[in-house]
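Notes to accompany the following structure.
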Amino acid sequence: MKFSSQTLRTFTTVHTWVGLVAGFALFVAFYAGALTLFHHDLPLWQTPHAVDTPAASLDDAQRLLDGVLERHLAARAHVGMTFPGGDHPQPIAYWQDAKGTWLYAWLDHYDGSVTPPQTGLAELVNELHYSLGLPVAGTYLMGIVSLLYGVALLSGLVIHLPRLLGDLFALRPGRNLKQMWQDAHNVIGVLSLPFHLMFAVTGALLCLIFLQMAALNPLIFDGKLLQAVPAAMDTAPIREPSGQPGDETNLRMLHARAIEVARAQGVADFEPAFLKLAHAGDANATIEITGESGGTLGPLGAVGLDAASGRLLSSQLPGQRDANHATLSAAYALHFGEFGNGVVVWLYFLLGLGGAFLFYSGNLLWIESRRKRRQVEQGRAQINMARATAGVCIGLCVAISASFVGAQILEQVAPQAVDHGIRWICFVTWGVCALWAALRRPDQAARELLWAAAISTALVAVMHGALTGFWPWASAARGYWPLFWVDAVALALAFGFATLARASLRRARHGDPNSVWSAPR
């Protein structure tokens with residue numbers, strides 16, 4: 001397929017500017033998104049001695065649920081809870097108070113906390129991924145960025161389609177650094193194109209789902225969106241409380257009943273993960289039990305039961321879902337890699353880092369394409385873009401690593417302040433890095449921030465071992481692989497940042513002097 005030169009120029013312009021507009025947000029989303037693949041491991045890494053705590057039982061979960069319902073009237077209307085299992089050894093209950101604030105409780109801590117235990121780092125990284133850390137508006141912003149991301153991908157496909165095979169296998173390192181960066185950008189973009197298209201589509205769907213439903217409200221829902229949402233999003237039917245007292249919720253019976261229903265519908269390996277209980281203590285109380293099963297793209301399925309008798313009210317299990325639940329389950333699983341085995345997790349991790357590289361290298365290519373090759377003094381736009389790229393992108397890497405180090409220190413000196421403390425550490429560090437880059441020459445800023453990223457990321461493993469005794473080799477010897485892999489990835493990333501810092505120094509000293517990345521000669 002061939003396109004005219006004017007068509008290619010148009011798509012190149014669209015690709016360039018859409019990439020620049022959305023590139024910084026997408027770098028944050030992909031770098032943080034790569035780390036979210038360890039979201040089940042981070043709570044254990046944050047408080048590693050929890051690995052020695054015996055896993056809770058269903059009786060412990062029953063005690064937690066009873067304690068919460070006894071102390072909190074708001075929880076009786078609607079409460080959720082995780083079942084003790086592989087990803088959550090200890091059950092956690094959560095509900096909203098009268099003001100709409102989410103509260104959390106765990107064994108022997110029934111009063112209600114605004115932050116769940118041991119989840120500070122995992123939540124911080126996830127918030128950076130889907131909302132840039134911005135409350136409410138950040139999610140919608142990332143939805144719009146996902147749409148722009150799709151435009152950039154499609155325009156890039158049009159640009160490279162005529163020479164697809166050549167771009168796929170071309171990687172020409174040498175003195176022409178722009179060509180090398182261009183080749184690396186193209187190779188990663190072409191090889192990972194199907195995954196990036198999937199990320200763009202599912203990202204827009206998950207971030208803008210409520211805006212999509214609001215737009216479709218007058219067309220499809222006939223203005224009755226609020227009544228239609230529960231049936232579209234939940235499994236258990238909505239039943240009004242009867243006002244008559246009912247039997248107490250028996251988790252052991254309902255846990256077994258959910259597995260029995262799943263097996264009857266052909267899901268042999270269904271494992272309950274969490275529940276949602278409505279109108280606890282009422283004769284019309286309902287419970288929705290969600291669990292995981294293997295061998296399916298959307299591993300999460302749910303059954304809705306009568307909380308008193310265990311009678312089946314509805315189900316949304318793999319192979320038996322309606323279109324709404326099948327689409328949402330598949331979108332979530334595809335976006336976060338929640339399917340398959342460990343190979344999928346590592347593949348998604350590499351794709352996340354590769355995506356971050358795409359947007360970082362896109363900025364470098366824009367700077368290089370506008371370089372004044374016959375004079376040392378470069379344009380203000382190129383210099384400012386170089387500073388912003390170093391401050392925002394490399395600064396984010398420094399900030400996340402600093403928050404990991406801060407979490408370990410705060411766990412020792414002020415455990416109650418960990419969640420708020422690491423957020424302050426992350427965003428203040430990020431702002432300081434951006435300010436530092438704005439005040440330094442681009443070559444200095446990039447080199448210094450890369451060294452800061454290397455040191456702070458290496459300290460993630462070093463401080464973890466020094467403060468807890470769980471050095472990587474000790475974790476591996478004891479079979480604590482979640483702790484080992486977090487530290488091992490941190491050391492690998494630190495080595496990568498140090499390598500880039502040394503390359504940046506060589507470029508500044510010995511590269512083309514007519515560049516924003518060159519040091520004065």
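In the structure tokens, each chain is lettered A, B, ... as it comes, each chain's residues begin at 1, and ligands are numbered from 1 in order of appearance.
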Excluding same-chain residues fewer than 6 positions from Thr327 of chain A, what lies within 12 Å of it counting only C-alpha atoms, as a PDB file with N, CA, C and O atoms, in the first residue's frame?
```pdb
ATOM      1  N   VAL A 201      -7.100   1.291  23.702  1.00  0.00           N
ATOM      2  CA  VAL A 201      -8.546   1.037  23.705  1.00  0.00           C
ATOM      3  C   VAL A 201      -9.039   0.756  25.123  1.00  0.00           C
ATOM      4  O   VAL A 201     -10.018   1.346  25.591  1.00  0.00           O
ATOM      5  N   THR A 202      -8.369  -0.158  25.830  1.00  0.00           N
ATOM      6  CA  THR A 202      -8.819  -0.512  27.177  1.00  0.00           C
ATOM      7  C   THR A 202      -8.605   0.639  28.158  1.00  0.00           C
ATOM      8  O   THR A 202      -9.400   0.823  29.085  1.00  0.00           O
ATOM      9  N   LEU A 205     -11.467   2.954  27.628  1.00  0.00           N
ATOM     10  CA  LEU A 205     -12.704   2.340  28.102  1.00  0.00           C
ATOM     11  C   LEU A 205     -12.794   2.404  29.623  1.00  0.00           C
ATOM     12  O   LEU A 205     -13.826   2.793  30.191  1.00  0.00           O
ATOM     13  N   LEU A 206     -11.703   2.049  30.312  1.00  0.00           N
ATOM     14  CA  LEU A 206     -11.738   1.992  31.767  1.00  0.00           C
ATOM     15  C   LEU A 206     -11.783   3.378  32.405  1.00  0.00           C
ATOM     16  O   LEU A 206     -12.426   3.576  33.431  1.00  0.00           O
ATOM     17  N   ILE A 209     -15.417   5.266  31.255  1.00  0.00           N
ATOM     18  CA  ILE A 209     -16.614   4.437  31.191  1.00  0.00           C
ATOM     19  C   ILE A 209     -17.854   5.190  31.656  1.00  0.00           C
ATOM     20  O   ILE A 209     -18.931   5.077  31.057  1.00  0.00           O
ATOM     21  N   ALA A 232     -25.711  -3.604  35.038  1.00  0.00           N
ATOM     22  CA  ALA A 232     -24.629  -3.689  34.066  1.00  0.00           C
ATOM     23  C   ALA A 232     -23.282  -3.943  34.724  1.00  0.00           C
ATOM     24  O   ALA A 232     -22.397  -4.548  34.116  1.00  0.00           O
ATOM     25  N   MET A 233     -23.086  -3.479  35.966  1.00  0.00           N
ATOM     26  CA  MET A 233     -21.772  -3.539  36.611  1.00  0.00           C
ATOM     27  C   MET A 233     -21.671  -4.631  37.673  1.00  0.00           C
ATOM     28  O   MET A 233     -20.589  -5.177  37.889  1.00  0.00           O
ATOM     29  N   LEU A 297      -9.636 -15.571  29.368  1.00  0.00           N
ATOM     30  CA  LEU A 297      -9.078 -14.237  29.219  1.00  0.00           C
ATOM     31  C   LEU A 297      -9.504 -13.325  30.350  1.00  0.00           C
ATOM     32  O   LEU A 297      -8.700 -12.546  30.875  1.00  0.00           O
ATOM     33  N   GLY A 298     -10.772 -13.415  30.757  1.00  0.00           N
ATOM     34  CA  GLY A 298     -11.247 -12.647  31.893  1.00  0.00           C
ATOM     35  C   GLY A 298     -11.404 -13.573  33.084  1.00  0.00           C
ATOM     36  O   GLY A 298     -12.449 -14.227  33.243  1.00  0.00           O
ATOM     37  N   LEU A 300     -11.866 -13.223  36.259  1.00  0.00           N
ATOM     38  CA  LEU A 300     -12.774 -12.900  37.352  1.00  0.00           C
ATOM     39  C   LEU A 300     -14.222 -13.206  36.968  1.00  0.00           C
ATOM     40  O   LEU A 300     -14.699 -12.786  35.918  1.00  0.00           O
ATOM     41  N   GLN A 316     -22.329 -14.521  36.961  1.00  0.00           N
ATOM     42  CA  GLN A 316     -21.590 -14.000  35.809  1.00  0.00           C
ATOM     43  C   GLN A 316     -20.223 -14.697  35.830  1.00  0.00           C
ATOM     44  O   GLN A 316     -19.222 -14.159  36.272  1.00  0.00           O
ATOM     45  N   PRO A 318     -17.138 -17.184  33.859  1.00  0.00           N
ATOM     46  CA  PRO A 318     -16.542 -17.367  32.527  1.00  0.00           C
ATOM     47  C   PRO A 318     -17.325 -18.365  31.690  1.00  0.00           C
ATOM     48  O   PRO A 318     -17.684 -19.453  32.155  1.00  0.00           O
ATOM     49  N   ARG A 321     -21.202 -15.265  30.922  1.00  0.00           N
ATOM     50  CA  ARG A 321     -21.432 -13.847  31.164  1.00  0.00           C
ATOM     51  C   ARG A 321     -22.283 -13.221  30.067  1.00  0.00           C
ATOM     52  O   ARG A 321     -22.298 -13.684  28.923  1.00  0.00           O
ATOM     53  N   ALA A 333      -8.643  -7.454  32.359  1.00  0.00           N
ATOM     54  CA  ALA A 333      -7.602  -8.480  32.307  1.00  0.00           C
ATOM     55  C   ALA A 333      -6.550  -8.152  31.260  1.00  0.00           C
ATOM     56  O   ALA A 333      -5.345  -8.321  31.487  1.00  0.00           O
ATOM     57  N   LEU A 334      -6.972  -7.673  30.093  1.00  0.00           N
ATOM     58  CA  LEU A 334      -6.024  -7.325  29.036  1.00  0.00           C
ATOM     59  C   LEU A 334      -5.150  -6.143  29.448  1.00  0.00           C
ATOM     60  O   LEU A 334      -3.947  -6.130  29.192  1.00  0.00           O
TER      61      LEU A 334
END
```
*asked:* I need the residues of segment 13-228 of chain A that end up classed as strand (DSSP E or B) by DSSP on the backbone, written out as a PyMOL selection string.
replied: chain A and resi 78-82+92-96+102-106+109-113
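Every protein or nucleic acid residue with an atom no more than 10 Å from Ala50 of chain A, counting only C-alpha atoms and leaving out same-chain residues fewer than 6 positions away, appears here: Pro43, Leu44, Pro89, Gln90 and Gln118 of chain A.
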Nearest to Leu450 of chain A: which of A:Trp471, A:Phe497, A:Gln412, A:Trp485 is it, counting only C-alpha atoms?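 Of A:Trp471, A:Phe497, A:Gln412, A:Trp485, the one nearest Leu450 of chain A is A:Phe497, counting only C-alpha atoms.
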Pairwise distance, atom CA of Arg252 of chain A with atom CA of Arg63 of chain A, equals 11.5 Å
